[in-house]
$ cat entry_37.cif   # mmCIF, C-alpha atoms
data_protein
loop_
_atom_site.label_atom_id
_atom_site.label_comp_id
_atom_site.auth_asym_id
_atom_site.auth_seq_id
_atom_site.Cartn_x
_atom_site.Cartn_y
_atom_site.Cartn_z
CA MET A 1 105.36 11.89 14.03
CA THR A 2 101.80 11.34 13.00
CA THR A 3 100.92 9.70 9.82
CA ALA A 4 97.78 10.62 8.08
CA THR A 5 95.46 7.88 7.18
CA PRO A 6 94.57 7.98 3.57
CA SER A 7 91.00 8.92 2.96
CA PRO A 8 88.98 6.02 1.71
CA LEU A 9 88.40 5.86 -2.00
CA PRO A 10 84.86 6.47 -3.15
CA PRO A 11 83.00 3.37 -4.22
CA PRO A 12 83.32 2.59 -7.91
CA CYS A 13 80.65 4.04 -10.13
CA PRO A 14 78.13 1.52 -11.32
CA PRO A 15 78.35 0.77 -15.02
CA ALA A 16 76.21 3.01 -17.16
CA ALA A 17 72.80 1.58 -17.80
CA ARG A 18 72.76 0.28 -21.32
CA ALA A 19 69.71 0.20 -23.46
CA PRO A 20 68.77 -3.32 -24.50
CA ALA A 21 70.02 -4.26 -27.95
CA LEU A 22 67.88 -3.42 -30.95
CA ARG A 23 67.58 -5.05 -34.30
CA ILE A 24 66.65 -2.87 -37.27
CA ARG A 25 64.92 -4.90 -39.96
CA THR A 26 62.33 -4.69 -42.70
CA ALA A 27 58.81 -5.26 -41.41
CA GLY A 28 56.77 -8.22 -42.54
CA ALA A 29 53.04 -8.79 -42.80
CA ASP A 30 53.04 -10.23 -39.28
CA ASP A 31 54.25 -6.83 -37.97
CA ALA A 32 51.14 -4.93 -39.14
CA ALA A 33 49.34 -5.06 -35.79
CA GLY A 34 52.52 -3.99 -33.97
CA LEU A 35 53.01 -1.07 -36.38
CA ALA A 36 49.45 0.10 -35.77
CA GLU A 37 49.80 -0.25 -32.00
CA LEU A 38 53.14 1.58 -31.91
CA SER A 39 51.73 4.42 -34.03
CA ARG A 40 48.39 4.84 -32.24
CA PRO A 41 49.58 7.09 -29.34
CA PHE A 42 51.32 9.42 -31.82
CA ALA A 43 48.17 9.66 -33.95
CA ARG A 44 46.09 10.44 -30.85
CA SER A 45 48.48 13.24 -29.87
CA GLY A 46 48.44 14.68 -33.40
CA GLU A 47 52.12 13.94 -34.06
CA LEU A 48 51.19 11.40 -36.75
CA ARG A 49 48.31 11.22 -39.16
CA GLU A 50 45.65 8.70 -38.28
CA ARG A 51 46.02 5.67 -40.54
CA PRO A 52 43.73 2.65 -40.76
CA ASP A 53 45.16 -0.63 -39.47
CA ALA A 54 44.66 -2.08 -42.97
CA LEU A 55 47.22 0.37 -44.34
CA TYR A 56 49.91 -1.12 -42.09
CA ALA A 57 49.07 -4.58 -43.41
CA ALA A 58 49.08 -3.41 -47.04
CA ARG A 59 52.33 -1.44 -46.71
CA ALA A 60 54.24 -3.46 -44.12
CA ALA A 61 57.09 -4.08 -46.57
CA GLU A 62 57.71 -0.31 -46.79
CA PHE A 63 58.56 -0.14 -43.09
CA LEU A 64 61.78 -0.50 -41.19
CA VAL A 65 61.27 -1.49 -37.57
CA ALA A 66 63.41 -1.40 -34.46
CA ALA A 67 62.72 -4.65 -32.64
CA GLY A 68 63.69 -4.99 -28.99
CA PRO A 69 65.27 -8.07 -27.40
CA GLY A 70 61.87 -9.73 -26.95
CA GLY A 71 60.89 -8.94 -30.54
CA GLY A 72 58.46 -6.14 -29.66
CA LEU A 73 58.46 -3.08 -31.92
CA GLU A 74 60.08 -0.04 -30.36
CA GLY A 75 60.25 2.21 -33.41
CA CYS A 76 59.35 2.35 -37.09
CA VAL A 77 59.61 4.42 -40.23
CA GLY A 78 58.01 3.92 -43.63
CA LEU A 79 59.94 4.54 -46.86
CA ARG A 80 57.71 4.99 -49.87
CA VAL A 81 59.31 5.26 -53.30
CA TYR A 82 57.88 7.52 -56.00
CA ALA A 83 59.08 6.57 -59.49
CA ASP A 84 58.64 10.13 -60.69
CA GLY A 85 60.90 12.29 -58.60
CA PRO A 86 60.37 16.00 -58.18
CA ALA A 87 60.14 18.11 -61.33
CA GLY A 88 63.40 18.18 -63.20
CA GLU A 89 64.88 15.21 -61.31
CA PRO A 90 65.52 12.06 -63.32
CA ALA A 91 65.92 9.77 -60.31
CA PRO A 92 63.03 8.44 -58.23
CA ALA A 93 62.48 10.00 -54.81
CA GLY A 94 61.57 8.54 -51.46
CA VAL A 95 59.38 9.77 -48.65
CA LEU A 96 59.90 8.86 -45.02
CA TYR A 97 56.60 8.66 -43.17
CA ASN A 98 55.05 7.40 -39.94
CA PHE A 99 58.37 7.81 -38.09
CA CYS A 100 57.85 7.03 -34.41
CA VAL A 101 59.73 5.66 -31.42
CA ALA A 102 58.09 4.20 -28.31
CA GLY A 103 58.12 6.66 -25.42
CA HIS A 104 60.39 4.54 -23.22
CA ARG A 105 63.02 4.38 -26.00
CA GLN A 106 63.04 8.04 -27.04
CA GLY A 107 66.38 9.80 -26.63
CA ARG A 108 68.27 6.49 -26.71
CA GLY A 109 69.35 6.40 -30.36
CA VAL A 110 66.45 4.36 -31.75
CA GLY A 111 65.30 7.11 -34.12
CA ALA A 112 68.87 7.77 -35.26
CA ALA A 113 69.40 4.05 -35.96
CA LEU A 114 66.19 3.92 -37.98
CA LEU A 115 67.10 7.05 -39.93
CA ARG A 116 70.64 5.82 -40.72
CA THR A 117 69.20 2.53 -41.96
CA ALA A 118 66.57 4.32 -44.06
CA LEU A 119 69.27 6.51 -45.65
CA ALA A 120 71.37 3.44 -46.47
CA LEU A 121 68.33 1.67 -47.94
CA ALA A 122 67.45 4.72 -50.04
CA ARG A 123 70.98 4.76 -51.45
CA THR A 124 70.76 1.07 -52.43
CA GLN A 125 67.54 1.90 -54.29
CA SER A 126 69.32 4.71 -56.17
CA LEU A 127 66.90 7.37 -54.96
CA GLY A 128 67.85 10.93 -55.81
CA ALA A 129 66.37 12.49 -52.69
CA LEU A 130 64.43 11.72 -49.54
CA PHE A 131 61.57 13.84 -48.22
CA THR A 132 59.64 13.91 -44.99
CA ALA A 133 57.07 16.07 -43.25
CA THR A 134 56.99 16.74 -39.53
CA THR A 135 54.87 18.76 -37.16
CA GLY A 136 57.91 18.99 -34.86
CA ASP A 137 61.14 20.92 -35.31
CA GLY A 138 62.82 18.23 -37.42
CA ARG A 139 65.96 18.29 -35.25
CA LEU A 140 66.88 14.65 -35.90
CA PHE A 141 66.37 15.01 -39.65
CA ARG A 142 68.43 18.22 -39.72
CA ARG A 143 71.31 16.42 -37.95
CA TYR A 144 71.34 14.03 -40.90
CA GLY A 145 71.44 16.70 -43.58
CA PHE A 146 67.75 17.35 -44.24
CA THR A 147 66.80 20.95 -44.96
CA PRO A 148 63.46 22.74 -45.32
CA VAL A 149 61.98 22.76 -48.84
CA THR A 150 58.73 23.79 -50.44
CA ALA A 151 56.00 21.34 -51.34
CA ARG A 152 56.69 22.04 -55.05
CA GLN A 153 60.08 20.35 -54.69
CA ALA A 154 58.63 17.06 -53.40
CA PRO A 155 56.81 14.26 -55.24
CA ARG A 156 53.42 15.63 -56.20
CA PRO A 157 51.25 12.62 -55.20
CA TRP A 158 52.74 12.77 -51.71
CA THR A 159 52.35 16.52 -51.23
CA GLU A 160 48.75 16.31 -52.43
CA SER A 161 48.11 13.79 -49.65
CA LEU A 162 49.40 16.12 -46.92
CA ASP A 163 46.79 17.75 -44.68
CA PRO A 164 47.40 21.52 -44.84
CA ARG A 165 45.75 21.96 -41.41
CA ARG A 166 48.70 20.14 -39.84
CA ASN A 167 51.08 22.89 -41.01
CA ALA A 168 53.88 20.34 -41.40
CA LEU A 169 57.45 21.30 -42.11
CA ILE A 170 58.68 19.60 -45.30
CA LEU A 171 62.32 18.56 -45.24
CA ALA A 172 64.51 16.97 -47.91
CA ARG A 173 67.95 15.52 -48.37
CA THR A 174 69.74 14.82 -51.63
CA LEU A 175 71.40 11.40 -51.71
#
$ encode --input "entry_37.cif" --output "structure tokens"
Amino acid sequence: MTTATPSPLPPPCPPAARAPALRIRTAGADDAAGLAELSRPFARSGELRERPDALYAARAAEFLVAAGPGGGLEGCVGLRVYADGPAGEPAPAGVLYNFCVAGHRQGRGVGAALLRTALALARTQSLGALFTATTGDGRLFRRYGFTPVTARQAPRPWTESLDPRRNALILARTL
């Protein structure tokens, strides 16, 4: 009688590569240069509006940043509050702007983490709605309940600052 030798087991699969831990935090004045540097490639490609470096310094406190293990910025989003919400809305509204994630971190949950944190922050500030404009398809925003709206529904000072040549899609979410 012949006994069959069991076939060898395949080697164990290596553990899935994990993305290094991120820390989502509010930006400080010392992050202004990092915000400008992170945003620059997206402005060059036309995905973001060109903004002067001084704007990042002046508005650093409006930004949430995703800081990598070494402290470098790997993503950011600005949240600007408009005291006068859209027409007919008593609550102030917020606008998410300058949303970008470093190329090597895209598709790894950095944008989703920033967006979840921005939504939570907007709720703590009792905002009635959040708006954003994108030249892309807005897939991430749509996954979090944003829907297309007209410019008339958004805070007027913000919509007046939009460049019509960019043909941006305006999205909103009620909070």
$ resolve_selection --input "entry_37.cif" --expression "the PyMOL selection byres ((chain A and resi 166) around 9)" --output "ChimeraX atom specification"
/A:46,49,134-135,162-165,167-168
$ write_last_selection --input "entry_37.cif" --atoms "C-alpha atoms" --output "compact mmCIF listing (two decimals), keeping the file's coordinate frame"
# COMPACT_ATOMS: atom_id res chain seq x y z
CA GLY A 46 48.44 14.68 -33.40
CA ARG A 49 48.31 11.22 -39.16
CA THR A 134 56.99 16.74 -39.53
CA THR A 135 54.87 18.76 -37.16
CA LEU A 162 49.40 16.12 -46.92
CA ASP A 163 46.79 17.75 -44.68
CA PRO A 164 47.40 21.52 -44.84
CA ARG A 165 45.75 21.96 -41.41
CA ASN A 167 51.08 22.89 -41.01
CA ALA A 168 53.88 20.34 -41.40
$ atom_distance --input "entry_37.cif" --atom1 "CA of Leu171 in chain A" --atom2 "CA of Thr147 in chain A"
5.1 Å
$ closest_residue --input "entry_37.cif" --among "A:Phe141, A:Trp158, A:Tyr97, A:Phe146" --to "Leu64 in chain A" --atoms "all atoms listed in the file"
A:Tyr97
$ closest_residue --input "entry_37.cif" --among "A:Ala93, A:Ala118, A:Leu130, A:Ala36" --to "Glu50 in chain A" --atoms "all atoms listed in the file"
A:Ala36
$ atom_distance --input "entry_37.cif" --atom1 "CA of Thr132 in chain A" --atom2 "CA of Leu96 in chain A"
5.1 Å
$ build_atoms --input "entry_37.cif" --residues "range 40-51 of chain A" --atoms "all heavy atoms" --output "JSON list (two decimals), keeping the file's coordinate frame"
[["chain", "number", "residue", "atom", "x", "y", "z"],
["A", 40, "ARG", "N", 49.66, 4.32, -32.78],
["A", 40, "ARG", "CA", 48.39, 4.84, -32.24],
["A", 40, "ARG", "C", 48.57, 6.01, -31.27],
["A", 40, "ARG", "O", 47.89, 7.03, -31.43],
["A", 40, "ARG", "CB", 47.61, 3.69, -31.60],
["A", 40, "ARG", "CG", 46.12, 3.93, -31.60],
["A", 40, "ARG", "CD", 45.33, 2.66, -31.32],
["A", 40, "ARG", "NE", 45.23, 1.89, -32.57],
["A", 40, "ARG", "CZ", 45.61, 0.62, -32.72],
["A", 40, "ARG", "NH1", 46.10, -0.05, -31.72],
["A", 40, "ARG", "NH2", 45.48, 0.03, -33.88],
["A", 41, "PRO", "N", 49.45, 5.95, -30.26],
["A", 41, "PRO", "CA", 49.58, 7.09, -29.34],
["A", 41, "PRO", "C", 50.02, 8.37, -30.05],
["A", 41, "PRO", "O", 49.62, 9.47, -29.66],
["A", 41, "PRO", "CB", 50.64, 6.65, -28.33],
["A", 41, "PRO", "CG", 50.85, 5.20, -28.52],
["A", 41, "PRO", "CD", 50.30, 4.83, -29.87],
["A", 42, "PHE", "N", 50.84, 8.24, -31.09],
["A", 42, "PHE", "CA", 51.32, 9.42, -31.82],
["A", 42, "PHE", "C", 50.20, 10.01, -32.68],
["A", 42, "PHE", "O", 50.14, 11.22, -32.87],
["A", 42, "PHE", "CB", 52.54, 9.05, -32.65],
["A", 42, "PHE", "CG", 53.70, 8.60, -31.81],
["A", 42, "PHE", "CD1", 53.90, 7.25, -31.55],
["A", 42, "PHE", "CD2", 54.56, 9.52, -31.24],
["A", 42, "PHE", "CE1", 54.95, 6.83, -30.76],
["A", 42, "PHE", "CE2", 55.61, 9.11, -30.43],
["A", 42, "PHE", "CZ", 55.80, 7.76, -30.19],
["A", 43, "ALA", "N", 49.33, 9.16, -33.19],
["A", 43, "ALA", "CA", 48.17, 9.66, -33.95],
["A", 43, "ALA", "C", 47.21, 10.37, -33.01],
["A", 43, "ALA", "O", 46.68, 11.44, -33.34],
["A", 43, "ALA", "CB", 47.49, 8.51, -34.68],
["A", 44, "ARG", "N", 47.00, 9.80, -31.82],
["A", 44, "ARG", "CA", 46.09, 10.44, -30.85],
["A", 44, "ARG", "C", 46.60, 11.81, -30.42],
["A", 44, "ARG", "O", 45.83, 12.73, -30.22],
["A", 44, "ARG", "CB", 45.91, 9.55, -29.61],
["A", 44, "ARG", "CG", 44.91, 8.44, -29.82],
["A", 44, "ARG", "CD", 44.50, 7.79, -28.51],
["A", 44, "ARG", "NE", 45.59, 7.11, -27.84],
["A", 44, "ARG", "CZ", 45.85, 5.81, -27.94],
["A", 44, "ARG", "NH1", 45.09, 5.03, -28.68],
["A", 44, "ARG", "NH2", 46.85, 5.27, -27.29],
["A", 45, "SER", "N", 47.91, 11.96, -30.30],
["A", 45, "SER", "CA", 48.48, 13.24, -29.87],
["A", 45, "SER", "C", 48.57, 14.25, -31.01],
["A", 45, "SER", "O", 48.87, 15.41, -30.78],
["A", 45, "SER", "CB", 49.88, 13.02, -29.27],
["A", 45, "SER", "OG", 50.81, 12.73, -30.30],
["A", 46, "GLY", "N", 48.35, 13.79, -32.25],
["A", 46, "GLY", "CA", 48.44, 14.68, -33.40],
["A", 46, "GLY", "C", 49.82, 14.72, -34.03],
["A", 46, "GLY", "O", 50.04, 15.42, -35.02],
["A", 47, "GLU", "N", 50.77, 13.96, -33.50],
["A", 47, "GLU", "CA", 52.12, 13.94, -34.06],
["A", 47, "GLU", "C", 52.19, 13.14, -35.36],
["A", 47, "GLU", "O", 53.06, 13.40, -36.19],
["A", 47, "GLU", "CB", 53.10, 13.37, -33.05],
["A", 47, "GLU", "CG", 53.26, 14.26, -31.82],
["A", 47, "GLU", "CD", 54.05, 13.57, -30.74],
["A", 47, "GLU", "OE1", 53.46, 12.81, -29.95],
["A", 47, "GLU", "OE2", 55.28, 13.80, -30.69],
["A", 48, "LEU", "N", 51.30, 12.18, -35.52],
["A", 48, "LEU", "CA", 51.19, 11.40, -36.75],
["A", 48, "LEU", "C", 49.78, 11.50, -37.28],
["A", 48, "LEU", "O", 48.84, 11.71, -36.50],
["A", 48, "LEU", "CB", 51.48, 9.91, -36.50],
["A", 48, "LEU", "CG", 52.91, 9.46, -36.29],
["A", 48, "LEU", "CD1", 52.95, 7.96, -36.06],
["A", 48, "LEU", "CD2", 53.80, 9.84, -37.45],
["A", 49, "ARG", "N", 49.65, 11.31, -38.58],
["A", 49, "ARG", "CA", 48.31, 11.22, -39.16],
["A", 49, "ARG", "C", 47.68, 9.90, -38.76],
["A", 49, "ARG", "O", 48.36, 8.87, -38.65],
["A", 49, "ARG", "CB", 48.41, 11.27, -40.69],
["A", 49, "ARG", "CG", 48.72, 12.64, -41.18],
["A", 49, "ARG", "CD", 48.83, 12.78, -42.66],
["A", 49, "ARG", "NE", 48.20, 11.74, -43.46],
["A", 49, "ARG", "CZ", 48.42, 11.59, -44.74],
["A", 49, "ARG", "NH1", 49.24, 12.39, -45.37],
["A", 49, "ARG", "NH2", 47.82, 10.64, -45.41],
["A", 50, "GLU", "N", 46.40, 9.93, -38.56],
["A", 50, "GLU", "CA", 45.65, 8.70, -38.28],
["A", 50, "GLU", "C", 45.66, 7.86, -39.54],
["A", 50, "GLU", "O", 45.39, 8.35, -40.63],
["A", 50, "GLU", "CB", 44.21, 9.07, -37.90],
["A", 50, "GLU", "CG", 43.39, 7.92, -37.41],
["A", 50, "GLU", "CD", 43.72, 7.52, -35.99],
["A", 50, "GLU", "OE1", 43.95, 8.41, -35.16],
["A", 50, "GLU", "OE2", 43.78, 6.30, -35.73],
["A", 51, "ARG", "N", 46.01, 6.59, -39.40],
["A", 51, "ARG", "CA", 46.02, 5.67, -40.54],
["A", 51, "ARG", "C", 45.25, 4.42, -40.16],
["A", 51, "ARG", "O", 45.37, 3.94, -39.03],
["A", 51, "ARG", "CB", 47.46, 5.30, -40.91],
["A", 51, "ARG", "CG", 48.24, 6.48, -41.47],
["A", 51, "ARG", "CD", 49.66, 6.07, -41.87],
["A", 51, "ARG", "NE", 50.30, 7.12, -42.62],
["A", 51, "ARG", "CZ", 51.00, 8.12, -42.07],
["A", 51, "ARG", "NH1", 51.13, 8.21, -40.77],
["A", 51, "ARG", "NH2", 51.55, 9.04, -42.83]]
